[in-house]
Amino acid sequence: MKTCSRRLLALSLALLMLIFSASAMADTVKLKVWGSQENQELLSELVEEFKAANPETEWDISLGVVGEPEARTRYLEDPAAAADVFAFANDQLMELVNADALYEVTINLDKIIEENTAGSIESATLGEYLYGYPMTSDNGYFLYYDKSVLSEDDVKSLDALLAAANAAGKKVFMDVSNGWYIASFFLGAGGTLGLTEDGKQTCDFNNELGVAAGEAIRAFCADPAFQTGDDSVLVGGMGGSICAGVSGTWNAAAISEKLGENYAAAPLPTFTCGGEQKHMASFIGTKILGVNTQTQFPLEAMALAEFLTSEAAQLKFFETRALGPTNINAAANPAVLENIALAALSAQSEWGVSQKLVLGGYWSPAEAFGLEMESKSTGDMQAMLDTMVAQITQ
Amino acid sequence: MVIQSTKPDKKSSNALGAFGKWLTHVGRGWQAFFQMIIEGDWATKLSVLIMGFGSLARRQIVKGLLFLGSEIAFIIFYARFGWQYVKDLGTLGVVEQSRVLDPATGIRMVVPGDNSMLILLYSVLTLATLLPLIMIWKANIRASYLAQKRAEQKIPQPSFVADARTLLDKRYHMTLMSFPLISLALFTALPILFMILIAFTNFDKMHQPPGHLFGWVGIQNITDIFAGNPFYQQTFFGVLLWTFIWAIFATATNYIFGMILALLINKEGINYKKMWRTFFVITIAVPQFVSLMLVSKLFAETGIVNQILLNLNLVKSPVPFFENPNLARVMAIVINMWVGVPYTMLMTTGILMNIPAELYESANVDGASPVRTFFSITLPYMLFVTGPYLITTFVGNINNFNVIYLLTAGGPLAQNYYRAGKTDLLVTWLYKLTVDEQNYSLASTIGILIFVIVSIVSLLAYNLTGSVKKEDQFS
């Protein structure tokens, strides 16, 4: 009799637990987060911390691998199936807002504005609204160089840089057939990218300044020391056949490992543009965490996004991946200030141009023009730039 | 080898006549149908409005209830589901998604608006159900009329079970065909119809549901390609020209070299025939996409081939295999041979062995040279037998997505092309427009144009092939 009642008790307890867990299941907050492949490990760690910090809710948070550059494309494929919280590069902001993809930040707005650098807040703002949580401010490029080959003076101008490289029989790397990098010349010469009132791209890269910049690109590509390719070419050749290269912080670890003591970074050099020396500009952008308007749990998603971009989280991103923080306190951390690559990036930011007003239609035409340059085209510069601008602005 | 085929309509000029005949046939069918309504009694006439009434009146209860039930089901379907979408079909929605501040949570909540894509999709679905509705409606009147006739002639009405049994006997073809037909309509015809309709809208990046609406623009996308937009125009005709050059060369080179390879291996005096054949077949065993991606890395600017050439001092700077437009095109055709020749070799080996040996013997007696024998006996015979195969290969090459996309990804990009490169085929351009650009309307228009081109080419080529024209003879 006794065992029987005990069994009954166990059974009823088990039943009770089942009911409890079932009712908890119904309240489960299900969220999906998109981040880049390299950030997965850290993101899952932070998500666990977030869960631990908010034990009153039953969380079901999953991670998906979608890098910041692809976020817009993947989102637009099927907004309802996209992640609730996703990281994107801020040049996609315009198109994401156009697609009504992002919740405006309205909760703790003042605190977020106060805690992050003005530039990063600006990069996530359109009109009167802040459309996301600034995450990292390192979406830019500068010059890595080999101290054993080049002096600090050599990297001040492109002409001196190429002369020194040629003298040493080494190469200078820049991926000119990429809209992101090639813009450096046009923007440096004084060109602008903007938007019309109805949201179409404007571009004046085909004016007189643009033609001068185009000729500078042609001359650069024709130089024997010129080397193009992708990241693997730069990282592979650095310290060997390549003595200097234009890239961003994501290659810092690999390049510093290859160069060892000779590892150095500087802002981009000046270039000769129509007889004058002009400083090469760069796109400067941030990575932003946005909340999908299609989410079932907007409040919870916002809380998660805020947590993933907090000071502590940003410091972790810096420690593990050397990503530059947007959080003012995190950016003032001594370890951040000492970072060679981030220092070069912040020095380059004087010539930085926000990527916010660049639409998706810019990249392919700019790449096509870059390919023409790399293949040492002798075509009429004005005509080529007219075609490029017509393609960009259509 | 003899191609077994039923005789098709031989002359294409007959097609118009056949269509006319079909039209008359359909017209007669409807005429007979309306005759039934006119000759029908009050029960049959009432069946026009209340389905199943005629059957119920003749005490065919189950049949009548089924008709009535399907009418009610259709009415409920249209009222509860279909109408809300179909009513907006003309505009594809007018209310955009908007935001309103929710005081409880303090966030600007999304207020859903009309979703143009769902309106279009469900409208197509709803309108498509009209077809079965009309068929059931016609069947209902026919059943009522036949029942009326039977009653007039005092023939007892068949029971429902007896009616249903005919589905396994007299109308067995209906039972067999209904499932494939329904799935064909649902999974092929309807999606294609939906896609075709998108070609007449402005569904692109700037008009992306659910945030934004898209609407009808008529044939603007087609006129844009042919005249309105110089970049679309240059891209379309440039890509089209290369698509044809590619298809012709890819088909011809694979065919000829595959055949020559097969001839070489078949030749008397060649030892280890099986081993040679096995070597070439092994390349088939490696998945095509693996070979292609490997080769594209091999010939990249920093790839192994260029490194070897540089180290041997054969070239001063890397050879732009995939960066130079003309070289990239040649590379695509050459590498495609490597992928495709073994297939042709395998197929032609069998056919070559079937060529009557006496043809060669008599050629030998007449003192014909090997080249002469090839062009007078082997090639005509092969072309005769493999004509239809060549057409399918040609059409397959027009749409050969794999080789181009995995090898060059359409590159190098061209300045005067709209989001396309110098080795892009129409189909890879279409892919880029959908996946990278979200320009669905333009992509859909190109899809229609590809269909038109491919069908014209195949019909023309098919009708001109020797094996169709003179299917029963080889001379």
# chains A, B, ... in the order shown; residues from 1 in each chain; ligands from 1
>>> interface_residues(of="chain A", to="chain B", cutoff="7 Å", atoms="only C-alpha atoms", output="ChimeraX atom specification")
/A:73,99-100,104,106-107,293,364-365,368-369,387-388
>>> residues_around(residues="His279 in chain A", least_positions_apart="6", cutoff="12 Å", atoms="only C-alpha atoms", output="list in words")
Phe142, Val155, Lys156, Ser157, Leu158, Ser184, Phe185, Phe186, Leu187, Gly188, Ala189, Gly190, Ala213, Pro267, Leu268, Pro269, Thr270, Phe271, Thr272, Cys273, Gln348, Ser349, Glu350, Trp351 and Gly352 of chain A
>>> residues_around(residues="Ala151 in chain B", least_positions_apart="6", cutoff="12 Å", atoms="only C-alpha atoms", output="PyMOL selection string")
chain B and resi 41+54-55+57-60+144-145+157-158
>>> write_last_selection(atoms="all heavy atoms", output="mmCIF file, in the first residue's frame")
data_model
loop_
_atom_site.group_PDB
_atom_site.id
_atom_site.type_symbol
_atom_site.label_atom_id
_atom_site.label_comp_id
_atom_site.auth_asym_id
_atom_site.auth_seq_id
_atom_site.Cartn_x
_atom_site.Cartn_y
_atom_site.Cartn_z
ATOM 1 N N ASP B 41 -35.682 20.460 -68.392
ATOM 2 C CA ASP B 41 -36.930 20.859 -67.730
ATOM 3 C C ASP B 41 -36.609 21.823 -66.596
ATOM 4 O O ASP B 41 -35.484 22.297 -66.462
ATOM 5 C CB ASP B 41 -37.676 19.617 -67.211
ATOM 6 C CG ASP B 41 -36.835 18.834 -66.224
ATOM 7 O OD1 ASP B 41 -35.693 19.278 -65.961
ATOM 8 O OD2 ASP B 41 -37.297 17.799 -65.736
ATOM 9 N N GLY B 54 -31.056 19.277 -59.880
ATOM 10 C CA GLY B 54 -31.600 18.291 -60.820
ATOM 11 C C GLY B 54 -31.395 16.872 -60.322
ATOM 12 O O GLY B 54 -32.295 16.036 -60.379
ATOM 13 N N SER B 55 -30.220 16.591 -59.802
ATOM 14 C CA SER B 55 -29.935 15.245 -59.297
ATOM 15 C C SER B 55 -30.808 14.922 -58.100
ATOM 16 O O SER B 55 -31.352 13.818 -57.985
ATOM 17 C CB SER B 55 -28.464 15.141 -58.895
ATOM 18 O OG SER B 55 -27.656 15.441 -60.007
ATOM 19 N N ALA B 57 -33.712 16.158 -57.462
ATOM 20 C CA ALA B 57 -35.093 16.000 -57.921
ATOM 21 C C ALA B 57 -35.324 14.593 -58.450
ATOM 22 O O ALA B 57 -36.436 14.066 -58.391
ATOM 23 C CB ALA B 57 -35.407 17.032 -58.987
ATOM 24 N N ARG B 58 -34.277 13.979 -59.012
ATOM 25 C CA ARG B 58 -34.418 12.593 -59.512
ATOM 26 C C ARG B 58 -33.981 11.580 -58.456
ATOM 27 O O ARG B 58 -33.608 10.455 -58.791
ATOM 28 C CB ARG B 58 -33.572 12.371 -60.761
ATOM 29 C CG ARG B 58 -33.599 13.459 -61.757
ATOM 30 C CD ARG B 58 -34.792 13.416 -62.674
ATOM 31 N NE ARG B 58 -34.835 14.667 -63.408
ATOM 32 C CZ ARG B 58 -35.929 15.199 -63.945
ATOM 33 N NH1 ARG B 58 -37.083 14.579 -63.855
ATOM 34 N NH2 ARG B 58 -35.872 16.336 -64.569
ATOM 35 N N ARG B 59 -33.900 12.012 -57.241
ATOM 36 C CA ARG B 59 -33.572 11.137 -56.104
ATOM 37 C C ARG B 59 -32.160 10.555 -56.182
ATOM 38 O O ARG B 59 -31.903 9.454 -55.697
ATOM 39 C CB ARG B 59 -34.589 9.995 -55.990
ATOM 40 C CG ARG B 59 -35.926 10.529 -55.608
ATOM 41 C CD ARG B 59 -37.028 9.521 -55.727
ATOM 42 N NE ARG B 59 -38.298 10.175 -55.491
ATOM 43 C CZ ARG B 59 -38.874 10.247 -54.292
ATOM 44 N NH1 ARG B 59 -38.348 9.676 -53.262
ATOM 45 N NH2 ARG B 59 -40.017 10.882 -54.138
ATOM 46 N N GLN B 60 -31.281 11.268 -56.821
ATOM 47 C CA GLN B 60 -29.858 10.861 -56.748
ATOM 48 C C GLN B 60 -29.244 11.687 -55.617
ATOM 49 O O GLN B 60 -28.546 12.676 -55.843
ATOM 50 C CB GLN B 60 -29.152 11.142 -58.069
ATOM 51 C CG GLN B 60 -29.601 10.205 -59.170
ATOM 52 C CD GLN B 60 -28.792 10.392 -60.426
ATOM 53 O OE1 GLN B 60 -28.723 11.502 -60.965
ATOM 54 N NE2 GLN B 60 -28.188 9.329 -60.895
ATOM 55 N N SER B 144 -27.870 16.375 -64.473
ATOM 56 C CA SER B 144 -29.297 16.657 -64.337
ATOM 57 C C SER B 144 -30.024 16.355 -65.648
ATOM 58 O O SER B 144 -31.087 15.735 -65.674
ATOM 59 C CB SER B 144 -29.477 18.113 -63.939
ATOM 60 O OG SER B 144 -30.826 18.462 -64.005
ATOM 61 N N TYR B 145 -29.427 16.775 -66.753
ATOM 62 C CA TYR B 145 -30.038 16.577 -68.066
ATOM 63 C C TYR B 145 -30.143 15.095 -68.403
ATOM 64 O O TYR B 145 -31.182 14.611 -68.858
ATOM 65 C CB TYR B 145 -29.206 17.314 -69.113
ATOM 66 C CG TYR B 145 -29.728 17.181 -70.525
ATOM 67 C CD1 TYR B 145 -30.852 17.899 -70.933
ATOM 68 C CD2 TYR B 145 -29.093 16.345 -71.450
ATOM 69 C CE1 TYR B 145 -31.330 17.777 -72.224
ATOM 70 C CE2 TYR B 145 -29.570 16.221 -72.737
ATOM 71 C CZ TYR B 145 -30.679 16.944 -73.128
ATOM 72 O OH TYR B 145 -31.158 16.829 -74.409
ATOM 73 N N GLN B 157 -32.702 5.209 -62.597
ATOM 74 C CA GLN B 157 -31.486 6.014 -62.352
ATOM 75 C C GLN B 157 -30.408 5.136 -61.712
ATOM 76 O O GLN B 157 -30.712 4.375 -60.798
ATOM 77 C CB GLN B 157 -31.804 7.172 -61.392
ATOM 78 C CG GLN B 157 -32.906 8.101 -61.858
ATOM 79 C CD GLN B 157 -32.515 8.903 -63.094
ATOM 80 O OE1 GLN B 157 -31.371 8.873 -63.523
ATOM 81 N NE2 GLN B 157 -33.492 9.582 -63.685
ATOM 82 N N PRO B 158 -29.155 5.250 -62.184
ATOM 83 C CA PRO B 158 -28.093 4.454 -61.537
ATOM 84 C C PRO B 158 -27.820 4.970 -60.124
ATOM 85 O O PRO B 158 -27.953 6.157 -59.858
ATOM 86 C CB PRO B 158 -26.880 4.692 -62.445
ATOM 87 C CG PRO B 158 -27.159 5.971 -63.111
ATOM 88 C CD PRO B 158 -28.645 6.095 -63.250
#
>>> atom_distance(atom1="CA of Ala443 in chain B", atom2="CA of Leu430 in chain B")
5.1 Å
>>> closest_residue(among="B:Val295, B:Val457, B:Ala199, B:Ala227", to="Asn336 in chain B", atoms="only C-alpha atoms")
B:Val295
>>> residues_around(residues="Ala118 in chain A", least_positions_apart="6", cutoff="10 Å", atoms="only C-alpha atoms", output="list in words")
Thr326, Asn327 and Ile328 of chain A
>>> write_last_selection(atoms="all heavy atoms", output="CSV table (one decimal), in the first residue's frame")
chain,number,residue,atom,x,y,z
A,326,THR,N,32.1,51.3,-30.0
A,326,THR,CA,31.4,52.6,-30.2
A,326,THR,C,31.1,53.2,-28.9
A,326,THR,O,30.8,54.4,-28.7
A,326,THR,CB,30.1,52.4,-31.0
A,326,THR,OG1,29.3,51.5,-30.2
A,326,THR,CG2,30.3,51.9,-32.4
A,327,ASN,N,31.1,52.4,-27.8
A,327,ASN,CA,30.8,52.8,-26.5
A,327,ASN,C,31.9,53.7,-26.0
A,327,ASN,O,33.1,53.3,-26.1
A,327,ASN,CB,30.6,51.6,-25.6
A,327,ASN,CG,30.2,52.0,-24.2
A,327,ASN,OD1,31.0,52.5,-23.5
A,327,ASN,ND2,29.0,51.7,-23.9
A,328,ILE,N,31.6,54.9,-25.5
A,328,ILE,CA,32.6,55.9,-25.1
A,328,ILE,C,33.6,55.3,-24.1
A,328,ILE,O,34.8,55.4,-24.2
A,328,ILE,CB,32.0,57.2,-24.7
A,328,ILE,CG1,31.2,57.8,-25.8
A,328,ILE,CG2,33.0,58.2,-24.1
A,328,ILE,CD1,30.4,59.0,-25.5
>>> residues_around(residues="Gln382 in chain A", least_positions_apart="6", cutoff="12 Å", atoms="only C-alpha atoms", output="PyMOL selection string")
chain A and resi 204-215+369+388-389
>>> residues_around(residues="range 385-396 of chain B", least_positions_apart="5", cutoff="7 Å", atoms="only C-alpha atoms", output="ChimeraX atom specification")
/B:247-248,251,454,458,461-462,465,467
>>> closest_residue(among="A:Met135, A:Val235, A:Ala183, A:Leu385", to="Ala281 in chain A", atoms="only C-alpha atoms")
A:Ala183
>>> atom_distance(atom1="CA of Leu93 in chain A", atom2="CA of Ser123 in chain A")
8.6 Å
>>> atom_distance(atom1="CA of Val66 in chain A", atom2="CA of Val105 in chain A")
22.4 Å
>>> residues_around(residues="Arg142 in chain B", least_positions_apart="5", cutoff="9 Å", atoms="only C-alpha atoms", output="compact mmCIF listing (two decimals) with all heavy atoms, in the first residue's frame")
# COMPACT_ATOMS: atom_id res chain seq x y z
N PHE B 33 -23.69 21.94 -74.84
CA PHE B 33 -23.95 22.15 -73.42
C PHE B 33 -25.13 23.10 -73.22
O PHE B 33 -26.05 22.83 -72.45
CB PHE B 33 -22.68 22.68 -72.75
CG PHE B 33 -22.89 23.12 -71.34
CD1 PHE B 33 -23.08 22.18 -70.34
CD2 PHE B 33 -22.93 24.47 -71.02
CE1 PHE B 33 -23.28 22.58 -69.04
CE2 PHE B 33 -23.15 24.87 -69.72
CZ PHE B 33 -23.32 23.93 -68.73
N MET B 36 -28.39 21.63 -73.81
CA MET B 36 -28.91 20.86 -72.68
C MET B 36 -29.74 21.75 -71.77
O MET B 36 -30.81 21.37 -71.29
CB MET B 36 -27.75 20.27 -71.86
CG MET B 36 -27.10 19.06 -72.47
SD MET B 36 -25.84 18.48 -71.32
CE MET B 36 -24.94 17.41 -72.39
N ILE B 37 -29.24 22.97 -71.51
CA ILE B 37 -29.97 23.87 -70.62
C ILE B 37 -31.31 24.25 -71.24
O ILE B 37 -32.35 24.27 -70.58
CB ILE B 37 -29.13 25.14 -70.32
CG1 ILE B 37 -27.81 24.76 -69.67
CG2 ILE B 37 -29.91 26.10 -69.43
CD1 ILE B 37 -26.93 25.93 -69.35
N THR B 44 -33.57 20.91 -64.32
CA THR B 44 -32.27 21.14 -64.95
C THR B 44 -31.96 22.63 -65.03
O THR B 44 -30.84 23.07 -64.78
CB THR B 44 -32.26 20.53 -66.36
OG1 THR B 44 -32.66 19.17 -66.27
CG2 THR B 44 -30.89 20.65 -67.00
N TRP B 137 -19.74 22.67 -62.28
CA TRP B 137 -21.03 23.26 -62.66
C TRP B 137 -21.57 22.62 -63.93
O TRP B 137 -22.73 22.26 -64.04
CB TRP B 137 -20.83 24.77 -62.82
CG TRP B 137 -22.03 25.55 -63.23
CD1 TRP B 137 -23.12 25.82 -62.47
CD2 TRP B 137 -22.26 26.16 -64.50
NE1 TRP B 137 -24.03 26.57 -63.18
CE2 TRP B 137 -23.51 26.80 -64.44
CE3 TRP B 137 -21.52 26.24 -65.70
CZ2 TRP B 137 -24.06 27.50 -65.52
CZ3 TRP B 137 -22.06 26.94 -66.77
CH2 TRP B 137 -23.31 27.56 -66.68
N ALA B 147 -30.22 12.64 -66.30
CA ALA B 147 -31.19 12.04 -65.40
C ALA B 147 -32.61 12.31 -65.91
O ALA B 147 -33.49 11.45 -65.88
CB ALA B 147 -31.01 12.59 -63.99
>>> select_by_dssp(residues="range 112-219 of chain A", states="alpha helix (DSSP H)", output="number ranges by chain")
A: 112-115, 118-123, 158-168, 179-189, 208-219
>>> write_last_selection(atoms="C-alpha atoms", output="CSV table (one decimal), in the first residue's frame")
chain,number,residue,atom,x,y,z
A,112,ILE,CA,22.2,54.8,-25.6
A,113,ILE,CA,22.9,58.2,-27.2
A,114,GLU,CA,24.9,59.3,-24.1
A,115,GLU,CA,27.0,56.1,-23.9
A,118,ALA,CA,28.4,60.9,-31.5
A,119,GLY,CA,29.7,59.5,-34.9
A,120,SER,CA,28.3,56.1,-34.2
A,121,ILE,CA,24.9,57.4,-33.2
A,122,GLU,CA,24.9,59.6,-36.3
A,123,SER,CA,25.7,56.6,-38.5
A,158,LEU,CA,51.4,57.4,-52.6
A,159,ASP,CA,54.2,58.5,-54.9
A,160,ALA,CA,56.9,58.1,-52.3
A,161,LEU,CA,55.3,54.8,-51.2
A,162,LEU,CA,55.5,53.4,-54.7
A,163,ALA,CA,59.0,54.7,-55.3
A,164,ALA,CA,60.2,53.1,-52.1
A,165,ALA,CA,58.4,49.8,-52.9
A,166,ASN,CA,59.9,49.8,-56.4
A,167,ALA,CA,63.3,50.4,-55.0
A,168,ALA,CA,62.9,47.4,-52.7
A,179,GLY,CA,33.7,49.9,-54.9
A,180,TRP,CA,34.6,50.2,-51.2
A,181,TYR,CA,38.3,50.8,-51.7
A,182,ILE,CA,38.2,52.6,-55.1
A,183,ALA,CA,36.0,55.3,-53.6
A,184,SER,CA,39.0,56.4,-51.6
A,185,PHE,CA,40.4,58.3,-54.6
A,186,PHE,CA,37.2,59.9,-55.7
A,187,LEU,CA,36.1,61.0,-52.2
A,188,GLY,CA,39.7,62.2,-51.5
A,189,ALA,CA,39.6,64.3,-54.7
A,208,GLU,CA,36.6,67.4,-63.4
A,209,LEU,CA,37.9,66.3,-60.0
A,210,GLY,CA,36.6,62.8,-60.6
A,211,VAL,CA,38.4,62.6,-64.0
A,212,ALA,CA,41.6,63.7,-62.2
A,213,ALA,CA,41.0,61.0,-59.6
A,214,GLY,CA,40.4,58.5,-62.3
A,215,GLU,CA,43.7,59.3,-64.0
A,216,ALA,CA,45.4,58.9,-60.6
A,217,ILE,CA,43.8,55.4,-60.3
A,218,ARG,CA,45.0,54.6,-63.8
A,219,ALA,CA,48.5,55.7,-63.0
>>> closest_residue(among="A:Asp60, A:Asp91, A:Glu45, A:Asp84", to="Lys287 in chain A", atoms="only C-alpha atoms")
A:Asp91
>>> closest_residue(among="B:Ala332, B:Pro318, B:Tyr360, B:Gly215", to="Ser375 in chain A", atoms="only C-alpha atoms")
B:Pro318
